[in-house]
>>> print(open('protein.cif').read())   # mmCIF, C-alpha atoms and all ligand atoms; chains and numbers go by the auth columns
data_work
#
loop_
_atom_site.group_PDB
_atom_site.id
_atom_site.type_symbol
_atom_site.label_atom_id
_atom_site.label_comp_id
_atom_site.label_asym_id
_atom_site.label_seq_id
_atom_site.Cartn_x
_atom_site.Cartn_y
_atom_site.Cartn_z
_atom_site.B_iso_or_equiv
_atom_site.auth_seq_id
_atom_site.auth_asym_id
ATOM 1 C CA MET A 1 47.055 -35.712 306.833 0.00 1 A
ATOM 2 C CA ASN A 2 48.832 -38.701 308.314 0.00 2 A
ATOM 3 C CA ASP A 3 50.512 -38.370 311.650 0.00 3 A
ATOM 4 C CA PHE A 4 53.647 -40.444 312.027 0.00 4 A
ATOM 5 C CA GLU A 5 54.998 -41.649 315.320 0.00 5 A
ATOM 6 C CA GLU A 6 58.118 -42.677 313.462 0.00 6 A
ATOM 7 C CA THR A 7 61.323 -40.916 314.497 0.00 7 A
ATOM 8 C CA GLY A 8 63.500 -42.154 311.657 0.00 8 A
ATOM 9 C CA LEU A 9 63.380 -42.608 307.913 0.00 9 A
ATOM 10 C CA LEU A 10 60.449 -44.675 306.789 0.00 10 A
ATOM 11 C CA VAL A 11 59.757 -46.184 303.390 0.00 11 A
ATOM 12 C CA ARG A 12 55.977 -45.814 303.114 0.00 12 A
ATOM 13 C CA GLY A 13 55.685 -47.590 299.809 0.00 13 A
ATOM 14 C CA VAL A 14 57.416 -48.764 296.661 0.00 14 A
ATOM 15 C CA GLU A 15 55.962 -48.939 293.180 0.00 15 A
ATOM 16 C CA ILE A 16 57.544 -50.692 290.204 0.00 16 A
ATOM 17 C CA GLY A 17 56.498 -49.438 286.776 0.00 17 A
ATOM 18 C CA ASP A 18 57.402 -50.552 283.264 0.00 18 A
ATOM 19 C CA ARG A 19 60.293 -48.158 282.949 0.00 19 A
ATOM 20 C CA ALA A 20 60.586 -46.384 286.271 0.00 20 A
ATOM 21 C CA SER A 21 60.131 -47.210 289.917 0.00 21 A
ATOM 22 C CA TYR A 22 59.111 -45.060 292.841 0.00 22 A
ATOM 23 C CA VAL A 23 59.786 -44.801 296.547 0.00 23 A
ATOM 24 C CA ASP A 24 57.475 -42.954 298.883 0.00 24 A
ATOM 25 C CA LEU A 25 59.679 -41.831 301.754 0.00 25 A
ATOM 26 C CA PHE A 26 58.895 -40.200 305.073 0.00 26 A
ATOM 27 C CA VAL A 27 61.678 -38.143 306.648 0.00 27 A
ATOM 28 C CA PRO A 28 60.913 -36.720 310.106 0.00 28 A
ATOM 29 C CA SER A 29 61.114 -32.958 310.505 0.00 29 A
ATOM 30 C CA HIS A 30 64.185 -33.012 312.759 0.00 30 A
ATOM 31 C CA LEU A 31 66.292 -34.508 309.990 0.00 31 A
ATOM 32 C CA THR A 32 64.952 -33.206 306.718 0.00 32 A
ATOM 33 C CA ARG A 33 68.263 -31.668 305.626 0.00 33 A
ATOM 34 C CA THR A 34 71.864 -32.860 305.712 0.00 34 A
ATOM 35 C CA SER A 35 72.861 -29.595 307.420 0.00 35 A
ATOM 36 C CA GLN A 36 70.984 -30.931 310.469 0.00 36 A
ATOM 37 C CA VAL A 37 73.275 -33.982 310.507 0.00 37 A
ATOM 38 C CA PRO A 38 76.717 -32.572 309.689 0.00 38 A
ATOM 39 C CA GLU A 39 78.605 -35.882 310.073 0.00 39 A
ATOM 40 C CA LEU A 40 76.462 -37.552 307.467 0.00 40 A
ATOM 41 C CA LYS A 41 78.376 -36.103 304.517 0.00 41 A
ATOM 42 C CA GLN A 42 81.710 -37.631 305.582 0.00 42 A
ATOM 43 C CA ASN A 43 80.072 -40.955 306.383 0.00 43 A
ATOM 44 C CA ILE A 44 78.388 -41.101 302.982 0.00 44 A
ATOM 45 C CA LEU A 45 81.628 -40.261 301.173 0.00 45 A
ATOM 46 C CA ARG A 46 83.547 -42.851 303.198 0.00 46 A
ATOM 47 C CA MET A 47 81.025 -45.613 302.578 0.00 47 A
ATOM 48 C CA PHE A 48 80.233 -44.753 298.957 0.00 48 A
ATOM 49 C CA PRO A 49 83.409 -43.203 297.490 0.00 49 A
ATOM 50 C CA SER A 50 82.188 -43.373 293.897 0.00 50 A
ATOM 51 C CA ILE A 51 79.205 -41.176 294.750 0.00 51 A
ATOM 52 C CA VAL A 52 81.538 -38.234 294.011 0.00 52 A
ATOM 53 C CA ASP A 53 81.115 -39.081 290.314 0.00 53 A
ATOM 54 C CA HIS A 54 77.338 -38.721 290.387 0.00 54 A
ATOM 55 C CA GLN A 55 75.845 -36.084 288.200 0.00 55 A
ATOM 56 C CA CYS A 56 73.439 -33.946 290.110 0.00 56 A
ATOM 57 C CA ASP A 57 71.043 -31.368 288.806 0.00 57 A
ATOM 58 C CA ASN A 58 70.352 -29.081 291.753 0.00 58 A
ATOM 59 C CA ASP A 59 69.179 -25.515 292.320 0.00 59 A
ATOM 60 C CA ARG A 60 72.577 -24.341 293.535 0.00 60 A
ATOM 61 C CA LYS A 61 74.306 -25.748 290.393 0.00 61 A
ATOM 62 C CA VAL A 62 77.027 -27.396 292.444 0.00 62 A
ATOM 63 C CA ASP A 63 78.513 -30.901 292.266 0.00 63 A
ATOM 64 C CA PHE A 64 77.017 -33.594 294.444 0.00 64 A
ATOM 65 C CA VAL A 65 79.793 -33.465 297.050 0.00 65 A
ATOM 66 C CA GLU A 66 79.128 -29.771 297.629 0.00 66 A
ATOM 67 C CA GLU A 67 75.384 -30.369 297.475 0.00 67 A
ATOM 68 C CA LEU A 68 75.737 -32.975 300.269 0.00 68 A
ATOM 69 C CA THR A 69 76.591 -30.219 302.735 0.00 69 A
ATOM 70 C CA ASP A 70 73.034 -28.950 302.712 0.00 70 A
ATOM 71 C CA THR A 71 70.353 -30.847 300.862 0.00 71 A
ATOM 72 C CA GLU A 72 67.255 -32.893 301.608 0.00 72 A
ATOM 73 C CA ILE A 73 67.920 -36.257 303.271 0.00 73 A
ATOM 74 C CA ALA A 74 65.506 -37.652 300.665 0.00 74 A
ATOM 75 C CA HIS A 75 67.843 -36.405 297.940 0.00 75 A
ATOM 76 C CA VAL A 76 70.698 -38.286 299.628 0.00 76 A
ATOM 77 C CA PHE A 77 68.467 -41.357 299.729 0.00 77 A
ATOM 78 C CA GLU A 78 68.027 -41.001 295.955 0.00 78 A
ATOM 79 C CA HIS A 79 71.783 -40.930 295.301 0.00 79 A
ATOM 80 C CA VAL A 80 72.602 -43.762 297.713 0.00 80 A
ATOM 81 C CA LEU A 81 69.823 -45.821 296.141 0.00 81 A
ATOM 82 C CA ILE A 82 71.300 -45.323 292.668 0.00 82 A
ATOM 83 C CA GLU A 83 74.717 -46.229 294.032 0.00 83 A
ATOM 84 C CA ILE A 84 73.415 -49.452 295.598 0.00 84 A
ATOM 85 C CA ILE A 85 71.436 -50.419 292.486 0.00 85 A
ATOM 86 C CA GLY A 86 74.712 -49.971 290.560 0.00 86 A
ATOM 87 C CA GLN A 87 76.464 -52.328 292.976 0.00 87 A
ATOM 88 C CA GLU A 88 73.702 -54.918 292.579 0.00 88 A
ATOM 89 C CA ASP A 89 73.336 -54.604 288.810 0.00 89 A
ATOM 90 C CA GLU A 90 76.433 -53.792 286.793 0.00 90 A
ATOM 91 C CA LEU A 91 74.296 -52.957 283.767 0.00 91 A
ATOM 92 C CA ALA A 92 72.594 -50.179 285.678 0.00 92 A
ATOM 93 C CA VAL A 93 74.869 -47.299 284.750 0.00 93 A
ATOM 94 C CA SER A 94 73.987 -43.600 284.668 0.00 94 A
ATOM 95 C CA LEU A 95 70.515 -44.138 286.065 0.00 95 A
ATOM 96 C CA LYS A 96 68.328 -41.078 286.054 0.00 96 A
ATOM 97 C CA ALA A 97 66.416 -40.208 289.175 0.00 97 A
ATOM 98 C CA GLN A 98 64.667 -37.331 290.846 0.00 98 A
ATOM 99 C CA THR A 99 63.234 -36.467 294.217 0.00 99 A
ATOM 100 C CA ILE A 100 60.077 -34.427 294.445 0.00 100 A
ATOM 101 C CA TRP A 101 57.626 -33.448 297.156 0.00 101 A
ATOM 102 C CA ASN A 102 54.253 -31.807 297.263 0.00 102 A
ATOM 103 C CA TRP A 103 52.855 -31.451 300.766 0.00 103 A
ATOM 104 C CA ARG A 104 49.555 -30.102 299.537 0.00 104 A
ATOM 105 C CA LEU A 105 48.943 -33.366 297.709 0.00 105 A
ATOM 106 C CA ASN A 106 50.853 -35.794 299.952 0.00 106 A
ATOM 107 C CA PRO A 107 51.426 -35.941 303.710 0.00 107 A
ATOM 108 C CA ARG A 108 53.910 -33.460 305.144 0.00 108 A
ATOM 109 C CA TRP A 109 57.525 -34.701 305.325 0.00 109 A
ATOM 110 C CA THR A 110 56.991 -37.264 302.594 0.00 110 A
ATOM 111 C CA TYR A 111 59.046 -37.359 299.403 0.00 111 A
ATOM 112 C CA GLN A 112 58.644 -39.239 296.161 0.00 112 A
ATOM 113 C CA ILE A 113 61.779 -40.604 294.534 0.00 113 A
ATOM 114 C CA GLU A 114 61.609 -41.718 290.927 0.00 114 A
ATOM 115 C CA VAL A 115 64.343 -43.875 289.380 0.00 115 A
ATOM 116 C CA ASP A 116 64.327 -44.971 285.741 0.00 116 A
ATOM 117 C CA TYR A 117 64.904 -48.564 286.695 0.00 117 A
ATOM 118 C CA ALA A 118 62.393 -51.393 286.698 0.00 118 A
ATOM 119 C CA ASN A 119 63.976 -54.635 287.884 0.00 119 A
ATOM 120 C CA GLU A 120 61.636 -55.399 290.745 0.00 120 A
ATOM 121 C CA ASP A 121 63.845 -57.743 292.795 0.00 121 A
ATOM 122 C CA ILE A 122 66.914 -55.550 292.629 0.00 122 A
ATOM 123 C CA PHE A 123 64.959 -52.357 293.189 0.00 123 A
ATOM 124 C CA LEU A 124 63.213 -53.671 296.286 0.00 124 A
ATOM 125 C CA ARG A 125 66.425 -55.088 297.699 0.00 125 A
ATOM 126 C CA SER A 126 68.252 -51.826 297.045 0.00 126 A
ATOM 127 C CA VAL A 127 65.532 -49.715 298.692 0.00 127 A
ATOM 128 C CA VAL A 128 65.695 -51.881 301.822 0.00 128 A
ATOM 129 C CA LYS A 129 69.498 -51.612 301.899 0.00 129 A
ATOM 130 C CA THR A 130 69.456 -47.866 301.358 0.00 130 A
ATOM 131 C CA ALA A 131 66.955 -47.307 304.156 0.00 131 A
ATOM 132 C CA LYS A 132 68.954 -49.547 306.499 0.00 132 A
ATOM 133 C CA VAL A 133 72.291 -47.887 305.739 0.00 133 A
ATOM 134 C CA LEU A 134 70.924 -44.362 306.120 0.00 134 A
ATOM 135 C CA ARG A 135 68.985 -45.140 309.267 0.00 135 A
ATOM 136 C CA GLU A 136 72.089 -46.652 310.863 0.00 136 A
ATOM 137 C CA MET A 137 74.296 -43.786 309.757 0.00 137 A
ATOM 138 C CA ILE A 138 71.900 -41.164 311.064 0.00 138 A
ATOM 139 C CA GLU A 139 71.472 -42.990 314.363 0.00 139 A
ATOM 140 C CA TYR A 140 75.144 -42.482 315.177 0.00 140 A
ATOM 141 C CA CYS A 141 75.304 -38.850 314.112 0.00 141 A
ATOM 142 C CA THR A 142 74.931 -35.774 316.231 0.00 142 A
ATOM 143 C CA PHE A 143 72.060 -33.495 315.394 0.00 143 A
ATOM 144 C CA VAL A 144 72.087 -29.752 315.250 0.00 144 A
ATOM 145 C CA ASN A 145 68.990 -27.659 315.873 0.00 145 A
ATOM 146 C CA PRO A 146 66.258 -28.279 313.362 0.00 146 A
ATOM 147 C CA VAL A 147 65.631 -25.617 310.782 0.00 147 A
ATOM 148 C CA SER A 148 62.045 -24.478 310.586 0.00 148 A
HETATM 149 ZN ZN ZN B . 71.022 -35.086 292.836 0.00 201 A
#
>>> encode(input="protein.cif", output="structure tokens")
Amino acid sequence: MNDFEETGLLVRGVEIGDRASYVDLFVPSHLTRTSQVPELKQNILRMFPSIVDHQCDNDRKVDFVEELTDTEIAHVFEHVLIEIIGQEDELAVSLKAQTIWNWRLNPRWTYQIEVDYANEDIFLRSVVKTAKVLREMIEYCTFVNPVS
């Protein structure tokens, strides 16, 4: 199992397929959920107002704004990534995506995000932007105690 010194979000890898693309994301244990970074929700909504229109299929069966209160940071990464791809490529509407993790198969605190989008240049650029925006946002937030 890999041991990361990293204290922030880290994109471990990106893969572009024929129809879908993937991000392998590391999220350190002290910020795995949005509930650990309460200010994040407001910052996301302020910076990406149209994210309120995102459809979101989640366990709690709530809309994405409600889901933002307490969800995986990797799930937020997924939605921000879709939002940024949409800004870069106006033809990229209603992209489907999902965030999964399996810590028996992959290193702990890593998440795999799949987006049904395959334009390599735009995808790579959007992943870099998403990581930068989220890292900066999180840096200026106050943390609450980590959940175990
Ligand atoms: Zn979602």
>>> resolve_selection(input="protein.cif", expression="the PyMOL selection byres (((chain A and resi 52) around 12) and not hetatm)", output="count of residues only")
24
>>> closest_residue(input="protein.cif", among="A:Asp57, A:Thr34, A:Asn43, A:Asp89", to="Thr69 (chain A)", atoms="only C-alpha atoms")
A:Thr34
>>> closest_residue(input="protein.cif", among="A:Asp121, A:Glu139, A:Glu88, A:Glu78", to="ligand ZN 201 (chain A)", atoms="only C-alpha atoms and all ligand atoms")
A:Glu78
>>> closest_residue(input="protein.cif", among="A:Asp18, A:Asp24, A:Glu72, A:Glu120", to="ligand ZN 201 (chain A)", atoms="only C-alpha atoms and all ligand atoms")
A:Glu72
>>> axis_aligned_box(input="protein.cif", around="region 81-86 of chain A", padding_each_side="4 Å", output="lines of an AutoDock Vina configuration file")
center_x = 72.3
center_y = -47.9
center_z = 293.4
size_x = 12.9
size_y = 13.1
size_z = 13.6
>>> atom_distance(input="protein.cif", atom1="CA of Tyr111 (chain A)", atom2="CA of Thr71 (chain A)")
13.1 Å
>>> resolve_selection(input="protein.cif", expression="the PyMOL selection byres (((chain A and resi 32) around 9) and not hetatm)", output="VMD selection string")
chain A and resid 27 to 31 33 to 36 71 to 74 109 146 to 147
>>> atom_distance(input="protein.cif", atom1="CA of Ile16 (chain A)", atom2="CA of Ala118 (chain A)")
6.0 Å
>>> residues_near_point(input="protein.cif", point="(58.5, -51.8, 287.6)", cutoff="12 Å", atoms="all atoms listed in the file", output="PyMOL selection string")
chain A and resi 14-23+114-124
>>> atom_distance(input="protein.cif", atom1="CA of Val93 (chain A)", atom2="CA of Gln112 (chain A)")
21.4 Å
